[in-house]
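For reference, coords.pdb is printed below; it contains PDB, C-alpha atoms, pLDDT in the B column.
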```
ATOM      1  CA  MET A1334      50.231 167.711 288.603  1.00 81.00           C
ATOM      2  CA  LYS A1335      51.673 167.248 292.054  1.00 89.00           C
ATOM      3  CA  PRO A1336      54.008 170.137 292.966  1.00 95.00           C
ATOM      4  CA  GLN A1337      57.637 169.510 292.003  1.00 96.00           C
ATOM      5  CA  ILE A1338      60.828 171.533 292.476  1.00 97.00           C
ATOM      6  CA  GLN A1339      63.863 171.432 290.185  1.00 95.00           C
ATOM      7  CA  MET A1340      66.873 173.629 289.501  1.00 92.00           C
ATOM      8  CA  HIS A1341      66.393 175.887 286.496  1.00 89.00           C
ATOM      9  CA  ARG A1342      68.827 178.566 285.341  1.00 85.00           C
ATOM     10  CA  GLY A1343      70.437 179.086 288.735  1.00 86.00           C
ATOM     11  CA  ALA A1344      67.150 179.192 290.662  1.00 96.00           C
ATOM     12  CA  PHE A1345      64.793 176.643 292.133  1.00 98.00           C
ATOM     13  CA  GLU A1346      61.598 176.262 290.147  1.00 98.00           C
ATOM     14  CA  LEU A1347      58.353 174.912 291.512  1.00 98.00           C
ATOM     15  CA  ARG A1348      55.693 173.754 289.069  1.00 98.00           C
ATOM     16  CA  ALA A1349      52.209 172.726 290.095  1.00 97.00           C
ATOM     17  CA  SER A1350      48.894 172.569 288.299  1.00 95.00           C
ATOM     18  CA  VAL A1351      45.320 171.655 289.000  1.00 93.00           C
ATOM     19  CA  HIS A1352      42.241 171.184 286.818  1.00 92.00           C
ATOM     20  CA  LEU A1353      39.123 172.973 288.049  1.00 90.00           C
ATOM     21  CA  SER A1354      35.654 172.433 286.624  1.00 87.00           C
ATOM     22  CA  GLN A1355      34.803 176.144 286.578  1.00 88.00           C
ATOM     23  CA  ASP A1356      34.977 178.535 283.636  1.00 90.00           C
ATOM     24  CA  LEU A1357      38.254 180.350 282.884  1.00 94.00           C
ATOM     25  CA  ASP A1358      36.872 183.766 283.866  1.00 94.00           C
ATOM     26  CA  VAL A1359      35.526 182.493 287.200  1.00 90.00           C
ATOM     27  CA  VAL A1360      38.853 180.863 288.121  1.00 91.00           C
ATOM     28  CA  PHE A1361      40.907 183.877 287.030  1.00 95.00           C
ATOM     29  CA  ASN A1362      38.679 186.268 288.985  1.00 92.00           C
ATOM     30  CA  PHE A1363      39.027 184.121 292.111  1.00 91.00           C
ATOM     31  CA  PHE A1364      42.836 184.037 291.882  1.00 92.00           C
ATOM     32  CA  SER A1365      43.169 187.705 290.997  1.00 91.00           C
ATOM     33  CA  ASP A1366      41.523 188.704 294.290  1.00 92.00           C
ATOM     34  CA  ALA A1367      44.557 188.984 296.589  1.00 92.00           C
ATOM     35  CA  ARG A1368      42.378 188.350 299.666  1.00 91.00           C
ATOM     36  CA  ASN A1369      41.636 184.802 298.472  1.00 91.00           C
ATOM     37  CA  LEU A1370      45.274 183.887 299.030  1.00 93.00           C
ATOM     38  CA  GLU A1371      44.444 183.655 302.735  1.00 93.00           C
ATOM     39  CA  LEU A1372      42.009 180.801 301.956  1.00 91.00           C
ATOM     40  CA  LEU A1373      44.672 178.914 300.000  1.00 93.00           C
ATOM     41  CA  THR A1374      47.507 179.229 302.518  1.00 96.00           C
ATOM     42  CA  PRO A1375      48.013 176.642 305.282  1.00 97.00           C
ATOM     43  CA  PRO A1376      47.077 177.805 308.796  1.00 96.00           C
ATOM     44  CA  MET A1377      50.662 177.060 309.969  1.00 95.00           C
ATOM     45  CA  LEU A1378      51.744 180.273 308.202  1.00 97.00           C
ATOM     46  CA  SER A1379      49.281 182.593 310.013  1.00 97.00           C
ATOM     47  CA  PHE A1380      49.001 184.416 306.688  1.00 97.00           C
ATOM     48  CA  SER A1381      47.076 187.678 306.363  1.00 97.00           C
ATOM     49  CA  THR A1382      46.783 190.461 303.817  1.00 97.00           C
ATOM     50  CA  LEU A1383      47.710 193.886 305.186  1.00 97.00           C
ATOM     51  CA  THR A1384      46.889 196.011 302.127  1.00 97.00           C
ATOM     52  CA  GLU A1385      43.466 197.607 302.470  1.00 95.00           C
ATOM     53  CA  SER A1386      40.649 196.646 300.107  1.00 91.00           C
ATOM     54  CA  PRO A1387      39.884 197.116 297.365  1.00 92.00           C
ATOM     55  CA  ILE A1388      43.184 196.034 295.819  1.00 95.00           C
ATOM     56  CA  VAL A1389      43.190 197.060 292.166  1.00 95.00           C
ATOM     57  CA  MET A1390      45.146 194.382 290.346  1.00 97.00           C
ATOM     58  CA  LYS A1391      47.349 195.771 287.575  1.00 97.00           C
ATOM     59  CA  VAL A1392      51.032 195.994 286.730  1.00 98.00           C
ATOM     60  CA  GLY A1393      52.682 197.948 289.526  1.00 98.00           C
ATOM     61  CA  ALA A1394      50.132 197.069 292.232  1.00 98.00           C
ATOM     62  CA  LEU A1395      51.820 196.535 295.613  1.00 98.00           C
ATOM     63  CA  ILE A1396      50.438 194.054 298.141  1.00 98.00           C
ATOM     64  CA  ASP A1397      51.661 193.636 301.710  1.00 98.00           C
ATOM     65  CA  TYR A1398      51.221 190.475 303.780  1.00 97.00           C
ATOM     66  CA  ARG A1399      52.088 189.215 307.221  1.00 98.00           C
ATOM     67  CA  LEU A1400      53.011 185.575 307.871  1.00 97.00           C
ATOM     68  CA  LYS A1401      55.049 183.261 310.054  1.00 96.00           C
ATOM     69  CA  ILE A1402      57.618 180.863 308.665  1.00 94.00           C
ATOM     70  CA  ARG A1403      58.599 178.208 311.191  1.00 91.00           C
ATOM     71  CA  GLY A1404      57.202 180.511 313.892  1.00 93.00           C
ATOM     72  CA  ILE A1405      59.206 183.565 312.812  1.00 95.00           C
ATOM     73  CA  PRO A1406      56.962 186.582 312.033  1.00 97.00           C
ATOM     74  CA  LEU A1407      57.701 188.230 308.685  1.00 97.00           C
ATOM     75  CA  ARG A1408      56.319 190.841 306.355  1.00 98.00           C
ATOM     76  CA  TRP A1409      56.125 190.197 302.643  1.00 98.00           C
ATOM     77  CA  ARG A1410      55.624 192.754 299.892  1.00 98.00           C
ATOM     78  CA  THR A1411      54.893 191.757 296.311  1.00 98.00           C
ATOM     79  CA  GLU A1412      54.439 193.719 293.130  1.00 98.00           C
ATOM     80  CA  ILE A1413      52.261 192.636 290.236  1.00 98.00           C
ATOM     81  CA  THR A1414      54.812 192.514 287.415  1.00 98.00           C
ATOM     82  CA  ALA A1415      52.619 191.008 284.665  1.00 98.00           C
ATOM     83  CA  TRP A1416      48.858 191.269 284.190  1.00 98.00           C
ATOM     84  CA  ASP A1417      47.150 189.531 281.238  1.00 98.00           C
ATOM     85  CA  PRO A1418      43.547 188.668 282.191  1.00 98.00           C
ATOM     86  CA  PRO A1419      42.250 185.987 282.033  1.00 98.00           C
ATOM     87  CA  HIS A1420      45.376 184.061 281.016  1.00 98.00           C
ATOM     88  CA  ARG A1421      48.157 184.944 283.426  1.00 98.00           C
ATOM     89  CA  PHE A1422      49.588 187.253 286.020  1.00 98.00           C
ATOM     90  CA  GLU A1423      52.844 187.400 287.907  1.00 98.00           C
ATOM     91  CA  ASP A1424      53.858 188.691 291.313  1.00 98.00           C
ATOM     92  CA  THR A1425      57.428 189.380 292.389  1.00 98.00           C
ATOM     93  CA  GLN A1426      58.695 189.657 295.961  1.00 98.00           C
ATOM     94  CA  LEU A1427      60.090 193.088 296.756  1.00 98.00           C
ATOM     95  CA  LYS A1428      60.569 192.360 300.463  1.00 98.00           C
ATOM     96  CA  GLY A1429      60.414 189.002 302.180  1.00 96.00           C
ATOM     97  CA  PRO A1430      62.207 185.831 303.181  1.00 94.00           C
ATOM     98  CA  TYR A1431      63.644 184.871 299.788  1.00 96.00           C
ATOM     99  CA  ARG A1432      66.573 186.209 297.765  1.00 96.00           C
ATOM    100  CA  GLN A1433      64.156 185.996 294.816  1.00 97.00           C
ATOM    101  CA  TRP A1434      60.517 184.936 294.459  1.00 98.00           C
ATOM    102  CA  ILE A1435      58.707 185.282 291.142  1.00 98.00           C
ATOM    103  CA  HIS A1436      55.310 183.568 290.985  1.00 98.00           C
ATOM    104  CA  GLU A1437      53.572 183.181 287.656  1.00 98.00           C
ATOM    105  CA  HIS A1438      49.930 182.099 287.621  1.00 98.00           C
ATOM    106  CA  ARG A1439      48.719 180.656 284.283  1.00 98.00           C
ATOM    107  CA  PHE A1440      45.147 179.838 283.330  1.00 97.00           C
ATOM    108  CA  CYS A1441      43.845 178.080 280.222  1.00 98.00           C
ATOM    109  CA  LYS A1442      40.601 176.510 279.129  1.00 97.00           C
ATOM    110  CA  GLU A1443      40.810 172.728 279.353  1.00 95.00           C
ATOM    111  CA  GLY A1444      37.801 170.656 278.379  1.00 94.00           C
ATOM    112  CA  ASP A1445      34.784 171.909 280.317  1.00 89.00           C
ATOM    113  CA  GLY A1446      36.955 173.633 282.905  1.00 90.00           C
ATOM    114  CA  THR A1447      40.213 175.456 283.527  1.00 93.00           C
ATOM    115  CA  ARG A1448      43.807 174.377 284.065  1.00 95.00           C
ATOM    116  CA  MET A1449      45.541 176.588 286.635  1.00 95.00           C
ATOM    117  CA  GLU A1450      49.328 176.347 286.747  1.00 97.00           C
ATOM    118  CA  ASP A1451      51.760 177.831 289.261  1.00 97.00           C
ATOM    119  CA  ILE A1452      55.366 178.431 288.268  1.00 98.00           C
ATOM    120  CA  VAL A1453      57.547 179.838 291.042  1.00 98.00           C
ATOM    121  CA  ARG A1454      61.202 180.717 290.496  1.00 98.00           C
ATOM    122  CA  TYR A1455      62.971 181.330 293.783  1.00 98.00           C
ATOM    123  CA  LYS A1456      66.399 181.674 295.356  1.00 97.00           C
ATOM    124  CA  VAL A1457      67.198 181.262 299.031  1.00 96.00           C
ATOM    125  CA  PHE A1458      69.874 182.449 301.394  1.00 93.00           C
ATOM    126  CA  GLY A1459      72.083 179.434 302.082  1.00 92.00           C
ATOM    127  CA  GLY A1460      71.616 177.853 298.650  1.00 92.00           C
ATOM    128  CA  ARG A1461      70.957 174.187 297.931  1.00 94.00           C
ATOM    129  CA  LEU A1462      71.480 172.842 301.436  1.00 95.00           C
ATOM    130  CA  VAL A1463      69.067 175.285 303.090  1.00 95.00           C
ATOM    131  CA  ASN A1464      66.592 174.693 300.270  1.00 97.00           C
ATOM    132  CA  ARG A1465      66.772 170.899 300.579  1.00 96.00           C
ATOM    133  CA  LEU A1466      66.524 170.847 304.378  1.00 96.00           C
ATOM    134  CA  PHE A1467      64.040 173.643 305.054  1.00 95.00           C
ATOM    135  CA  VAL A1468      62.649 175.670 302.168  1.00 97.00           C
ATOM    136  CA  ALA A1469      61.677 173.029 299.587  1.00 97.00           C
ATOM    137  CA  PRO A1470      59.729 170.889 302.091  1.00 97.00           C
ATOM    138  CA  ASP A1471      57.822 173.986 303.252  1.00 97.00           C
ATOM    139  CA  VAL A1472      57.128 175.234 299.706  1.00 97.00           C
ATOM    140  CA  LEU A1473      55.911 171.777 298.625  1.00 97.00           C
ATOM    141  CA  ARG A1474      53.686 171.568 301.710  1.00 96.00           C
ATOM    142  CA  ILE A1475      52.195 174.998 300.915  1.00 97.00           C
ATOM    143  CA  PHE A1476      51.411 174.166 297.283  1.00 97.00           C
ATOM    144  CA  ASN A1477      50.092 170.689 298.136  1.00 96.00           C
ATOM    145  CA  TYR A1478      47.757 172.367 300.635  1.00 96.00           C
ATOM    146  CA  ARG A1479      46.744 174.921 298.012  1.00 94.00           C
ATOM    147  CA  ASN A1480      45.864 172.272 295.427  1.00 91.00           C
ATOM    148  CA  GLN A1481      44.097 170.097 297.991  1.00 90.00           C
ATOM    149  CA  THR A1482      42.068 173.076 299.227  1.00 90.00           C
ATOM    150  CA  LEU A1483      41.078 173.957 295.682  1.00 87.00           C
ATOM    151  CA  GLN A1484      40.078 170.378 294.901  1.00 77.00           C
ATOM    152  CA  GLU A1485      38.196 169.626 298.133  1.00 75.00           C
ATOM    153  CA  HIS A1486      36.663 172.911 299.230  1.00 61.00           C
ATOM    154  CA  LEU A1487      36.728 175.671 296.673  1.00 56.00           C
ATOM    155  CA  GLN A1488      35.595 173.454 293.828  1.00 61.00           C
ATOM    156  CA  ASN A1489      32.205 173.016 295.505  1.00 62.00           C
ATOM    157  CA  SER A1490      31.858 176.165 297.588  1.00 51.00           C
ATOM    158  CA  VAL A1491      33.590 179.434 296.717  1.00 52.00           C
ATOM    159  CA  LEU A1492      34.208 178.788 293.033  1.00 52.00           C
ATOM    160  CA  GLY A1493      31.078 176.687 292.647  1.00 47.00           C
ATOM    161  CA  SER A1494      28.889 179.544 293.907  1.00 49.00           C
ATOM    162  CA  GLU A1495      29.916 181.868 291.068  1.00 45.00           C
ATOM    163  CA  PRO A1496      27.395 182.179 288.211  1.00 43.00           C
TER
END
```
Would you encode the structure as structure tokens?
Amino acid sequence: MKPQIQMHRGAFELRASVHLSQDLDVVFNFFSDARNLELLTPPMLSFSTLTESPIVMKVGALIDYRLKIRGIPLRWRTEITAWDPPHRFEDTQLKGPYRQWIHEHRFCKEGDGTRMEDIVRYKVFGGRLVNRLFVAPDVLRIFNYRNQTLQEHLQNSVLGSEP
């Protein structure tokens, strides 16, 4: 499903999903490695993980990132607020550019592969106008890049190399 954003309960909600041919455990393990987020983020964001490895993923884990949004350098801190391997996990922004950012990652077996779904509930400073003009186009671009990268590159290389 191509990424889409709608209003939902006073927040903007992005939904995106992609079918991958790999096994549920392989896909979940790839996504639960915080360092792999760098591979899935467009170069325009200059995204990097600051938290030292290994990052033990569990409820309460804190992960720090550095990125640039429209050329402005920012730091982002998230907390893992739900952890249910291999079906889902959730990260919540503690510090960053949004008033709220809650990102749920869902994984389910689908045919011979796995369906991975992103659900992001976010709020922005400046409300609907700022979202429509600046934030939504950027968020859609990021998740389109993510799905395209998964489909074109990771399907055959990183994920495909797992046993």
Looking at only C-alpha atoms, which of A:Val1472, A:Met1449, A:Leu1466, A:Cys1441 is the one that sits closest to A:His1420?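 Closest to A:His1420, using only C-alpha atoms: A:Cys1441.
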Residues within 12 Å of A:His1341, only C-alpha atoms, excluding chain neighbours under 3 positions, as a list of chain:residue names: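 Near neighbours after the sequence-gap exclusion: A:Ile1338, A:Ala1344, A:Phe1345, A:Glu1346, A:Leu1347, A:Arg1348, A:Ile1452, A:Val1453, A:Arg1454, A:Tyr1455, A:Lys1456.
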Given the file shown, enumerate the residues that the PyMOL selection byres ((chain A and resi 1391-1403) around 7) captures and present them as a compact mmCIF listing (two decimals) with C-alpha atoms, in the frame of the given file.
```
# COMPACT_ATOMS: atom_id res chain seq x y z
CA LEU A 1378 51.74 180.27 308.20
CA SER A 1379 49.28 182.59 310.01
CA PHE A 1380 49.00 184.42 306.69
CA SER A 1381 47.08 187.68 306.36
CA THR A 1382 46.78 190.46 303.82
CA LEU A 1383 47.71 193.89 305.19
CA THR A 1384 46.89 196.01 302.13
CA VAL A 1389 43.19 197.06 292.17
CA MET A 1390 45.15 194.38 290.35
CA GLY A 1404 57.20 180.51 313.89
CA ILE A 1405 59.21 183.56 312.81
CA PRO A 1406 56.96 186.58 312.03
CA LEU A 1407 57.70 188.23 308.68
CA ARG A 1408 56.32 190.84 306.36
CA TRP A 1409 56.12 190.20 302.64
CA ARG A 1410 55.62 192.75 299.89
CA THR A 1411 54.89 191.76 296.31
CA GLU A 1412 54.44 193.72 293.13
CA ILE A 1413 52.26 192.64 290.24
CA THR A 1414 54.81 192.51 287.42
CA ALA A 1415 52.62 191.01 284.67
CA TRP A 1416 48.86 191.27 284.19
```
Determine the residue membership of the PyMOL selection byres ((chain A and resi 1431) around 8) for the file above and supply it as number ranges by chain. A: 1426, 1429-1430, 1432-1434, 1455-1458
When you count all atoms listed in the file, which of these residues is closest to A:Met1340: A:Met1377, A:Ala1469, A:Leu1370, A:Val1360? A:Ala1469
Could you please determine the separation between atom CA of A:Val1359 and atom CA of A:Leu1427 in Å, to one decimal place?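 Separation of atom CA of A:Val1359 and atom CA of A:Leu1427: 28.4 Å.
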Pick out the closest residue to A:Asp1356 from this set: A:Asn1477, A:Thr1482, A:Thr1447, A:Asn1464. Count all atoms listed in the file. A:Thr1447
Excluding same-chain residues fewer than 5 positions from A:Pro1375, what lies within 8 Å of it counting all atoms listed in the file, as a PyMOL selection string? chain A and resi 1380+1475+1478-1479
Distance of atom CA of A:Asn1480 from atom CA of A:Ser1365, expressed in Å to one decimal place: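 It comes out at 16.3 Å.
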Can you measure atom CA of A:Leu1473 to atom CA of A:Gln1337 for me? One decimal in Å is fine.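 One can read the atom CA of A:Leu1473 to atom CA of A:Gln1337 distance as 7.2 Å.
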Can you turn the PyMOL selection byres ((chain A and resi 1362) around 12) into a concrete residue list for this file, as a VMD selection string? chain A and resid 1355 to 1361 1363 to 1369 1390 1417 to 1422 1440 1491 to 1492 1495
